[in-house]
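Novice: This one is upload_35.cif, mmCIF, C-alpha atoms.
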data_input
#
loop_
_atom_site.label_atom_id
_atom_site.label_comp_id
_atom_site.auth_asym_id
_atom_site.auth_seq_id
_atom_site.Cartn_x
_atom_site.Cartn_y
_atom_site.Cartn_z
CA MET X 1 21.94 41.14 -32.31
CA TYR X 2 24.98 39.04 -33.22
CA ASP X 3 26.96 39.99 -30.10
CA LEU X 4 24.01 39.15 -27.86
CA LEU X 5 23.62 35.79 -29.62
CA VAL X 6 27.28 34.97 -28.92
CA GLN X 7 26.91 36.08 -25.29
CA SER X 8 23.71 34.07 -24.89
CA ILE X 9 25.40 30.92 -26.18
CA HIS X 10 28.32 31.54 -23.81
CA LEU X 11 25.91 31.69 -20.89
CA LEU X 12 24.22 28.53 -22.11
CA GLN X 13 27.59 26.76 -22.28
CA ASN X 14 28.17 27.54 -18.61
CA SER X 15 24.72 26.46 -17.47
CA LYS X 16 23.07 23.14 -16.73
CA TYR X 17 20.83 23.58 -19.78
CA CYS X 18 23.61 22.81 -22.29
CA LYS X 19 23.91 19.17 -21.25
CA GLY X 20 24.13 17.04 -24.41
CA ASN X 21 24.99 20.03 -26.63
CA LYS X 22 28.24 21.19 -25.03
CA LYS X 23 30.58 20.02 -27.84
CA ARG X 24 28.17 21.24 -30.50
CA LEU X 25 28.01 24.69 -28.89
CA THR X 26 31.82 24.92 -28.88
CA VAL X 27 31.88 24.26 -32.63
CA ILE X 28 29.07 26.79 -33.19
CA GLN X 29 30.87 29.48 -31.19
CA SER X 30 33.98 28.92 -33.31
CA ALA X 31 31.92 29.25 -36.52
CA LEU X 32 30.23 32.42 -35.24
CA LYS X 33 33.59 33.91 -34.30
CA GLN X 34 34.79 33.41 -37.89
CA ALA X 35 31.65 35.19 -39.10
CA ASN X 36 32.31 38.24 -36.90
CA SER X 37 33.37 40.42 -39.86
CA LEU X 38 29.80 40.29 -41.20
CA PHE X 39 28.54 42.35 -38.30
CA VAL X 40 31.03 45.21 -38.07
CA SER X 41 29.33 48.52 -38.83
CA GLU X 42 29.53 52.16 -37.84
CA ASN X 43 26.21 51.99 -36.01
CA GLN X 44 26.95 48.79 -34.10
CA ASN X 45 27.74 50.48 -30.77
CA ASN X 46 24.57 52.60 -30.93
CA GLU X 47 22.44 49.53 -31.61
CA GLN X 48 24.01 47.67 -28.70
CA THR X 49 23.01 50.41 -26.28
CA THR X 50 19.41 50.48 -27.51
CA LYS X 51 18.99 46.68 -27.61
CA SER X 52 21.15 45.65 -24.68
CA ASN X 53 18.38 43.81 -22.84
CA HIS X 54 17.53 41.26 -25.52
CA MET X 55 19.60 38.31 -24.35
CA ILE X 56 18.25 34.93 -25.45
CA SER X 57 17.03 32.75 -22.62
CA PHE X 58 17.48 29.03 -23.30
CA ARG X 59 15.90 28.04 -19.97
CA ASN X 60 12.55 27.10 -21.51
CA ILE X 61 13.94 25.82 -24.83
CA GLU X 62 14.26 22.05 -25.12
CA GLN X 63 17.74 20.72 -25.81
CA ALA X 64 16.72 19.48 -29.27
CA GLU X 65 15.53 22.99 -30.17
CA GLN X 66 18.56 24.93 -28.94
CA ILE X 67 20.60 24.70 -32.15
CA PRO X 68 17.62 25.41 -34.48
CA LYS X 69 16.96 28.49 -32.29
CA ILE X 70 20.59 29.62 -32.66
CA LEU X 71 20.37 29.07 -36.42
CA GLU X 72 17.20 31.17 -36.70
CA GLU X 73 18.66 34.00 -34.60
CA PHE X 74 21.84 34.03 -36.70
CA MET X 75 19.80 34.24 -39.91
CA ASN X 76 17.83 37.20 -38.56
CA ASP X 77 20.98 38.94 -37.35
CA PHE X 78 22.63 38.56 -40.75
CA GLU X 79 19.69 40.14 -42.55
CA ASN X 80 19.23 43.00 -40.10
CA GLN X 81 22.86 43.81 -39.31
CA CYS X 82 24.71 42.85 -42.48
CA LEU X 83 22.48 42.86 -45.56
CA LYS X 84 20.68 46.06 -44.59
CA LYS X 85 23.88 47.87 -43.57
CA ASN X 86 26.97 46.27 -45.09
CA GLY X 87 25.61 45.10 -48.43
CA ALA X 88 24.76 41.86 -50.20
CA SER X 89 28.18 41.05 -51.63
CA ALA X 90 29.01 37.52 -52.72
CA LYS X 91 31.71 37.55 -50.02
CA ASN X 92 29.14 38.29 -47.29
CA TYR X 93 26.71 35.68 -48.58
CA SER X 94 29.50 33.10 -48.86
CA LEU X 95 30.64 33.56 -45.25
CA PHE X 96 27.04 33.59 -44.02
CA SER X 97 26.08 30.42 -45.87
CA VAL X 98 29.15 28.45 -44.75
CA THR X 99 28.37 29.45 -41.15
CA LEU X 100 24.84 28.09 -41.60
CA LEU X 101 26.29 24.84 -42.94
CA LYS X 102 28.71 24.51 -40.02
CA ILE X 103 25.92 25.05 -37.49
CA ILE X 104 23.64 22.53 -39.21
CA LYS X 105 26.41 19.91 -39.46
CA THR X 106 26.80 19.87 -35.68
CA LEU X 107 23.52 17.93 -35.62
CA ASP X 108 23.20 14.20 -36.14
CA ALA X 109 22.27 13.12 -39.65
CA ASP X 110 18.50 12.67 -39.62
CA LYS X 111 15.27 14.09 -41.04
CA LYS X 112 15.39 17.14 -38.78
CA ARG X 113 18.85 18.07 -40.05
CA GLY X 114 17.66 17.58 -43.62
CA LEU X 115 14.76 19.94 -43.01
CA LEU X 116 17.12 22.55 -41.57
CA SER X 117 19.40 22.33 -44.63
CA ALA X 118 16.40 22.78 -46.90
CA HIS X 119 15.20 25.65 -44.70
CA ALA X 120 18.61 27.32 -44.96
CA ILE X 121 18.40 27.30 -48.77
CA ASN X 122 14.85 28.64 -48.58
CA VAL X 123 16.04 31.50 -46.34
CA LEU X 124 18.83 32.30 -48.80
CA ASN X 125 16.25 32.27 -51.58
CA LYS X 126 14.09 34.84 -49.75
CA MET X 127 17.13 36.99 -49.00
CA PHE X 128 18.15 36.93 -52.67
CA VAL X 129 14.73 38.34 -53.59
CA LYS X 130 15.17 41.30 -51.23
CA TYR X 131 18.95 41.64 -51.50
CA PRO X 132 20.30 40.26 -54.82
CA VAL X 133 23.91 39.10 -54.83
CA GLU X 134 26.31 41.91 -55.75
CA TYR X 135 29.01 40.44 -58.01
CA LYS X 136 32.33 42.17 -58.43
CA LYS X 137 33.43 42.33 -62.06
CA ARG X 138 36.23 39.75 -61.89
CA ALA X 139 35.72 38.08 -58.51
CA ILE X 140 35.30 34.30 -58.66
CA ARG X 141 36.43 32.83 -55.33
CA ASP X 142 33.64 34.19 -53.10
CA PRO X 143 30.80 33.61 -55.62
CA LEU X 144 32.03 30.06 -56.24
CA GLY X 145 32.27 29.51 -52.49
CA LEU X 146 28.61 30.48 -52.23
CA VAL X 147 27.69 28.04 -55.02
CA PHE X 148 29.69 25.31 -53.28
CA VAL X 149 27.86 25.81 -49.96
CA ILE X 150 24.43 25.91 -51.62
CA THR X 151 25.35 22.64 -53.34
CA GLU X 152 26.43 21.13 -50.03
CA LEU X 153 23.22 22.23 -48.29
CA ALA X 154 21.15 20.68 -51.07
CA ILE X 155 23.07 17.40 -50.87
CA ASP X 156 22.72 17.34 -47.09
CA ALA X 157 18.96 17.90 -47.43
CA GLU X 158 18.73 15.11 -50.02
CA ARG X 159 20.67 12.60 -47.92
CA ASN X 160 18.59 13.21 -44.82
CA LEU X 161 15.19 13.54 -46.49
CA SER X 162 15.74 10.78 -49.08
CA ARG X 163 14.48 12.83 -52.01
CA PRO X 164 15.99 15.17 -54.62
CA TYR X 165 16.11 18.85 -53.78
CA GLU X 166 14.36 21.14 -56.26
CA PHE X 167 15.85 24.62 -56.56
CA ASP X 168 13.64 27.67 -56.77
CA ILE X 169 14.16 29.84 -59.85
CA THR X 170 15.46 32.70 -57.66
CA ILE X 171 18.50 30.63 -56.64
CA LEU X 172 19.15 29.72 -60.28
CA LEU X 173 18.89 33.37 -61.37
CA GLN X 174 21.34 34.51 -58.70
CA ILE X 175 23.90 31.87 -59.66
CA ALA X 176 23.43 32.35 -63.42
CA PRO X 177 25.88 35.29 -63.90
CA LEU X 178 28.74 33.25 -62.44
CA MET X 179 27.83 30.19 -64.50
CA GLN X 180 27.75 32.34 -67.65
CA ARG X 181 31.18 33.73 -66.87
CA TYR X 182 32.61 30.22 -66.56
CA HIS X 183 30.90 29.07 -69.74
CA MET X 184 32.27 31.96 -71.77
CA GLU X 185 35.80 31.92 -70.35
CA PHE X 186 36.72 28.23 -70.02
CA ASP X 187 36.88 25.38 -72.52
CA ASN X 188 34.78 23.19 -70.22
CA ALA X 189 32.97 25.12 -67.50
CA LEU X 190 31.69 21.97 -65.77
CA LEU X 191 35.13 20.42 -65.36
CA GLN X 192 36.60 23.77 -64.34
CA ILE X 193 34.06 24.32 -61.57
CA ILE X 194 34.38 20.78 -60.22
CA ASP X 195 38.17 21.11 -60.30
CA GLU X 196 37.95 24.35 -58.33
CA PHE X 197 35.53 22.72 -55.88
CA ASN X 198 38.20 20.08 -55.26
CA LYS X 199 41.00 22.62 -54.81
CA MET X 200 39.23 25.32 -52.81
CA PRO X 201 39.50 25.47 -48.99
CA LYS X 202 36.56 23.55 -47.49
CA PHE X 203 36.10 25.87 -44.49
CA ARG X 204 37.37 23.06 -42.21
CA LEU X 205 34.53 20.83 -43.35
CA THR X 206 35.04 17.20 -44.32
CA VAL X 207 33.74 17.09 -47.88
CA SER X 208 34.28 14.71 -50.80
CA ILE X 209 33.31 16.11 -54.19
CA GLY X 210 31.29 13.46 -56.01
CA GLU X 211 28.86 12.84 -58.84
CA ARG X 212 25.98 14.59 -57.09
CA HIS X 213 28.01 17.81 -56.93
CA LYS X 214 28.55 17.45 -60.67
CA GLU X 215 24.86 16.87 -61.37
CA ILE X 216 23.82 19.96 -59.39
CA VAL X 217 26.45 22.13 -61.08
CA LYS X 218 25.12 20.89 -64.43
CA LYS X 219 21.69 22.27 -63.49
CA PHE X 220 23.20 25.62 -62.53
CA LEU X 221 25.21 25.79 -65.76
CA GLN X 222 22.30 24.73 -67.92
CA TYR X 223 20.09 27.48 -66.54
CA GLY X 224 22.83 30.09 -66.86
CA ILE X 225 23.62 29.13 -70.46
CA ILE X 226 19.98 29.43 -71.51
CA GLN X 227 19.93 33.04 -70.25
CA LEU X 228 22.86 34.10 -72.48
CA PRO X 229 22.33 36.08 -75.71
CA LEU X 230 21.82 33.73 -78.67
CA GLU X 231 24.98 34.88 -80.48
CA ASN X 232 27.09 34.01 -77.42
CA LYS X 233 25.48 30.60 -77.12
CA ILE X 234 26.07 29.84 -80.80
CA ALA X 235 29.73 30.89 -80.62
CA ARG X 236 30.42 28.71 -77.58
CA ALA X 237 28.51 25.71 -78.95
CA LYS X 238 30.51 25.95 -82.20
CA ASN X 239 33.74 26.12 -80.22
CA ILE X 240 32.85 23.06 -78.14
CA LEU X 241 31.82 21.09 -81.23
CA GLU X 242 35.13 21.89 -82.89
CA LYS X 243 37.02 20.71 -79.82
CA ILE X 244 35.16 17.39 -80.05
CA ILE X 245 36.05 17.03 -83.73
CA TYR X 246 39.76 17.80 -83.36
CA GLU X 247 40.38 16.12 -80.00
CA LYS X 248 42.34 12.86 -80.47
CA ASN X 249 41.64 11.55 -76.98
CA ASP X 250 38.11 10.13 -76.82
CA SER X 251 37.92 10.54 -73.03
CA ILE X 252 38.57 14.28 -73.31
CA ALA X 253 36.21 14.52 -76.29
CA LEU X 254 33.54 12.83 -74.17
CA GLU X 255 33.87 15.53 -71.50
CA HIS X 256 33.38 18.22 -74.16
CA TYR X 257 30.39 16.27 -75.47
CA ASN X 258 28.86 16.19 -71.97
CA MET X 259 29.25 19.97 -71.85
CA LEU X 260 27.64 20.36 -75.28
CA LYS X 261 24.65 18.27 -74.18
CA LEU X 262 23.78 20.91 -71.60
CA CYS X 263 22.71 23.06 -74.56
CA TYR X 264 20.23 20.50 -75.90
CA VAL X 265 17.33 21.83 -73.81
CA ASP X 266 17.58 25.23 -75.53
CA LYS X 267 15.04 25.07 -78.36
CA TYR X 268 16.35 28.31 -79.89
CA LEU X 269 19.95 27.14 -79.93
CA CYS X 270 19.51 23.56 -81.14
CA PRO X 271 18.72 24.40 -84.80
CA HIS X 272 21.90 26.48 -84.99
CA ILE X 273 24.01 23.68 -83.46
CA ALA X 274 22.52 21.22 -85.94
CA GLN X 275 23.34 23.52 -88.85
CA ILE X 276 26.92 23.92 -87.64
CA ALA X 277 27.31 20.13 -87.35
CA LYS X 278 26.05 19.65 -90.92
CA THR X 279 28.76 21.97 -92.28
CA LYS X 280 31.60 20.06 -90.59
CA ASN X 281 33.61 17.48 -92.54
CA ARG X 282 33.70 13.88 -91.38
CA THR X 283 36.75 12.87 -89.34
CA ASP X 284 38.81 9.69 -89.15
CA ARG X 285 37.40 8.99 -85.68
CA ARG X 286 34.16 7.09 -85.25
CA PHE X 287 33.36 8.71 -81.88
CA ALA X 288 33.49 12.24 -83.33
CA ASN X 289 31.47 11.21 -86.38
CA THR X 290 28.80 9.66 -84.17
CA ILE X 291 28.46 12.92 -82.25
CA LEU X 292 28.28 14.93 -85.51
CA ASP X 293 25.48 12.64 -86.70
CA GLU X 294 23.60 13.07 -83.44
CA VAL X 295 23.98 16.84 -83.30
CA SER X 296 22.97 17.33 -86.94
CA LYS X 297 19.59 15.76 -86.10
CA LEU X 298 18.72 18.14 -83.25
#
Have the structure of the file written as structure tokens, please.
Specialist:
Amino acid sequence: MYDLLVQSIHLLQNSKYCKGNKKRLTVIQSALKQANSLFVSENQNNEQTTKSNHMISFRNIEQAEQIPKILEEFMNDFENQCLKKNGASAKNYSLFSVTLLKIIKTLDADKKRGLLSAHAINVLNKMFVKYPVEYKKRAIRDPLGLVFVITELAIDAERNLSRPYEFDITILLQIAPLMQRYHMEFDNALLQIIDEFNKMPKFRLTVSIGERHKEIVKKFLQYGIIQLPLENKIARAKNILEKIIYEKNDSIALEHYNMLKLCYVDKYLCPHIAQIAKTKNRTDRRFANTILDEVSKL
């Protein structure tokens, strides 16, 4: 129970067993307070009366295991009290995942923290199987917030485990609808997402958007694009190629080219892109002509 978790942490804060974790527990309580809306339901009061004796005792839990224990309890509470009762909306998943990230980031950067970040993504993956993300038709902020936090968890795992994080296909499938929406609606989905990453509130986290964020978003986009109907993929590829041809600024054309390259792994799309490139007239710009030559050979 969420309320019992908060109460248990409060008791821990006022006991001798919190020594060494006192500041961390204050941050965690603040994060849990912000996540309170996830656990409001009509049946909450009834559940509290039937489960009122399940306070968590930290007496026999080593200091180093206190925060992992809190993390695990919060994950279980979210599944049982929110997903099963309040739904699997992108908004709920976004708030849940950022709370996980805040709890994990109270720990020192080391292998154990990296394992917890990887574990958090794995838990999300399992939840997505049972409770797929429910996207609202036009909503972007909450789904993109979820993508941002998953990206941050992956980067945190990579930094602390010193190896690239490999996403399970379930994560990619859940993110794909949002990536497809960006690809179909914006001239350059990659630049648009990174720009929104930079502008969005960071949930009071200190984050610098860098190249690794861009590389991970590329993976998400690439998978989402492949899942689109062929006619949509052809139309967008043609549009991007035309922007490269008519763009006078090579730096901007290069960004469009980087977006086009995400389509190269699609064996069904490549012949169509090549055919489109062959029908285009040469330009007075060497950069654009070089790209046309490359694309026509796909």
Novice: Could you write out as a list in words the residues that the PyMOL selection byres ((chain X and resi 252-258) around 8) matches in the shown file?
Specialist: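 Written out, the selection comes to Asn188, Leu191, Ile240, Leu241, Lys243, Ile244, Ile245, Glu247, Lys248, Asn249, Asp250, Ser251, Met259, Leu260, Lys261, Leu262, Ala288 and Ile291 of chain X.
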Novice: On this file, the PyMOL selection byres ((chain X and resi 206-219) around 8) gives some set of residues; write that set as a PyMOL selection string.
Specialist: chain X and resi 151-152+155+190+193-194+197-198+202+204-205+220-223+262
Novice: May I have the selected residues written with C-alpha atoms, as a PDB file, keeping the file's coordinate frame?
Specialist:
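out-v1.pdb was written with the following content:
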ATOM      1  CA  THR X 151      25.350  22.640 -53.340  1.00  0.00           C
ATOM      2  CA  GLU X 152      26.430  21.130 -50.030  1.00  0.00           C
ATOM      3  CA  ILE X 155      23.070  17.400 -50.870  1.00  0.00           C
ATOM      4  CA  LEU X 190      31.690  21.970 -65.770  1.00  0.00           C
ATOM      5  CA  ILE X 193      34.060  24.320 -61.570  1.00  0.00           C
ATOM      6  CA  ILE X 194      34.380  20.780 -60.220  1.00  0.00           C
ATOM      7  CA  PHE X 197      35.530  22.720 -55.880  1.00  0.00           C
ATOM      8  CA  ASN X 198      38.200  20.080 -55.260  1.00  0.00           C
ATOM      9  CA  LYS X 202      36.560  23.550 -47.490  1.00  0.00           C
ATOM     10  CA  ARG X 204      37.370  23.060 -42.210  1.00  0.00           C
ATOM     11  CA  LEU X 205      34.530  20.830 -43.350  1.00  0.00           C
ATOM     12  CA  PHE X 220      23.200  25.620 -62.530  1.00  0.00           C
ATOM     13  CA  LEU X 221      25.210  25.790 -65.760  1.00  0.00           C
ATOM     14  CA  GLN X 222      22.300  24.730 -67.920  1.00  0.00           C
ATOM     15  CA  TYR X 223      20.090  27.480 -66.540  1.00  0.00           C
ATOM     16  CA  LEU X 262      23.780  20.910 -71.600  1.00  0.00           C
TER      17      LEU X 262
END
Novice: What residues come out when you apply the PyMOL selection byres ((chain X and resi 76) around 12) to this file, written as a compact mmCIF listing (two decimals) with C-alpha atoms, in the frame of the given file?
Specialist:
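So the final result, stored in expr14.txt, reads:
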# COMPACT_ATOMS: atom_id res chain seq x y z
CA MET X 1 21.94 41.14 -32.31
CA TYR X 2 24.98 39.04 -33.22
CA LEU X 5 23.62 35.79 -29.62
CA PHE X 39 28.54 42.35 -38.30
CA LYS X 69 16.96 28.49 -32.29
CA ILE X 70 20.59 29.62 -32.66
CA LEU X 71 20.37 29.07 -36.42
CA GLU X 72 17.20 31.17 -36.70
CA GLU X 73 18.66 34.00 -34.60
CA PHE X 74 21.84 34.03 -36.70
CA MET X 75 19.80 34.24 -39.91
CA ASP X 77 20.98 38.94 -37.35
CA PHE X 78 22.63 38.56 -40.75
CA GLU X 79 19.69 40.14 -42.55
CA ASN X 80 19.23 43.00 -40.10
CA GLN X 81 22.86 43.81 -39.31
CA CYS X 82 24.71 42.85 -42.48
CA LEU X 83 22.48 42.86 -45.56
CA LYS X 84 20.68 46.06 -44.59
CA PHE X 96 27.04 33.59 -44.02
CA LEU X 100 24.84 28.09 -41.60
CA ALA X 120 18.61 27.32 -44.96
CA VAL X 123 16.04 31.50 -46.34
CA LEU X 124 18.83 32.30 -48.80
CA MET X 127 17.13 36.99 -49.00
Novice: Can you tell me which residues surround Ala90 (chain X) at a distance of at most 7 Å, considering all atoms listed in the file, apart from same-chain residues fewer than 2 positions away, and format the answer as a ChimeraX atom specification?
Specialist: /X:88,92-94,133-135,142-143
Novice: Extract, using all atoms listed in the file, all DNA, RNA and protein residues at most 9 Å from Leu292 (chain X), discarding same-chain residues fewer than 5 positions from it, and format them as an mmCIF file with C-alpha atoms, keeping the file's coordinate frame.
Specialist:
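In the end it all went to result-v2.cif:
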data_model
loop_
_atom_site.group_PDB
_atom_site.id
_atom_site.type_symbol
_atom_site.label_atom_id
_atom_site.label_comp_id
_atom_site.auth_asym_id
_atom_site.auth_seq_id
_atom_site.Cartn_x
_atom_site.Cartn_y
_atom_site.Cartn_z
ATOM 1 C CA LEU X 241 31.820 21.090 -81.230
ATOM 2 C CA ILE X 245 36.050 17.030 -83.730
ATOM 3 C CA ALA X 274 22.520 21.220 -85.940
ATOM 4 C CA ALA X 277 27.310 20.130 -87.350
ATOM 5 C CA LYS X 278 26.050 19.650 -90.920
ATOM 6 C CA LYS X 280 31.600 20.060 -90.590
ATOM 7 C CA ARG X 282 33.700 13.880 -91.380
ATOM 8 C CA PHE X 287 33.360 8.710 -81.880
ATOM 9 C CA LYS X 297 19.590 15.760 -86.100
#
Novice: Nearest residue to Lys102 (chain X) out of X:Gln227, X:Val6, X:Gln34, X:Glu166, using all atoms listed in the file?
Specialist: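 Closest candidate: X:Gln34.
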Novice: Might you pull out every residue within 12 Å of Pro201 (chain X), with only C-alpha atoms counted and same-chain residues fewer than 5 positions away left off, and present them as a PyMOL selection string?
Specialist: chain X and resi 98+141-142+144-145+148-149+196+206-207
Novice: Would you compute the distance between CA of Ile67 (chain X) and CA of Arg163 (chain X)? Give it in Å to one decimal.
Specialist: 23.9 Å
Novice: Leaving out Val129 (chain X) and any residue of its chain fewer than 2 positions from it, which residues lie within 12 Å of it when counting all atoms listed in the file, given as a list in words?
Specialist: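 After dropping sequence-adjacent residues, the list is Ala88, Asn122, Val123, Leu124, Asn125, Lys126, Met127, Tyr131, Pro132, Val133, Asp168, Ile169, Thr170, Ile171, Leu172, Leu173 and Gln174 of chain X.
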Novice: Keeping C-alpha atoms for every residue in the selection just given, could you write it to a file as a PDB file, keeping the file's coordinate frame?
Specialist:
ATOM      1  CA  ALA X  88      24.760  41.860 -50.200  1.00  0.00           C
ATOM      2  CA  ASN X 122      14.850  28.640 -48.580  1.00  0.00           C
ATOM      3  CA  VAL X 123      16.040  31.500 -46.340  1.00  0.00           C
ATOM      4  CA  LEU X 124      18.830  32.300 -48.800  1.00  0.00           C
ATOM      5  CA  ASN X 125      16.250  32.270 -51.580  1.00  0.00           C
ATOM      6  CA  LYS X 126      14.090  34.840 -49.750  1.00  0.00           C
ATOM      7  CA  MET X 127      17.130  36.990 -49.000  1.00  0.00           C
ATOM      8  CA  TYR X 131      18.950  41.640 -51.500  1.00  0.00           C
ATOM      9  CA  PRO X 132      20.300  40.260 -54.820  1.00  0.00           C
ATOM     10  CA  VAL X 133      23.910  39.100 -54.830  1.00  0.00           C
ATOM     11  CA  ASP X 168      13.640  27.670 -56.770  1.00  0.00           C
ATOM     12  CA  ILE X 169      14.160  29.840 -59.850  1.00  0.00           C
ATOM     13  CA  THR X 170      15.460  32.700 -57.660  1.00  0.00           C
ATOM     14  CA  ILE X 171      18.500  30.630 -56.640  1.00  0.00           C
ATOM     15  CA  LEU X 172      19.150  29.720 -60.280  1.00  0.00           C
ATOM     16  CA  LEU X 173      18.890  33.370 -61.370  1.00  0.00           C
ATOM     17  CA  GLN X 174      21.340  34.510 -58.700  1.00  0.00           C
TER      18      GLN X 174
END
Novice: Quick one: pull the distance between CA of Lys130 (chain X) and CA of Pro68 (chain X), Å, one decimal.
Specialist: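 Between these atoms lies a distance of 23.2 Å.
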Novice: Rounded to one decimal, what separation in Å do you get between CA of Ala176 (chain X) and CA of Asp195 (chain X)?
Specialist: 18.8 Å
Novice: Pick from X:Thr279, X:Gln66, X:Asn289, X:Asn86: nearest to Lys22 (chain X), with only C-alpha atoms counted?
Specialist: X:Gln66
Novice: Counting all atoms listed in the file, which residue out of X:Leu230, X:Leu153, X:Ala235, X:Ile225 sits closest to Val265 (chain X)?
Specialist: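 Checking each of X:Leu230, X:Leu153, X:Ala235, X:Ile225 against Val265 (chain X), counting all atoms listed in the file, the winner is X:Ile225.
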Novice: Here's a test: counting only C-alpha atoms, identify every protein, DNA and RNA residue with an atom at most 10 Å from (29.8, 27.3, -83.6) in the file's coordinate frame, and state them as number ranges by chain.
Specialist: X: 231-242, 272-277
Novice: Could you give me, as number ranges by chain, the residues that have an atom at most 10 Å away from the point (10.3, 19.3, -36.1) in the coordinates of the file, using only C-alpha atoms?
Specialist: X: 64-65, 68, 111-113, 115-116
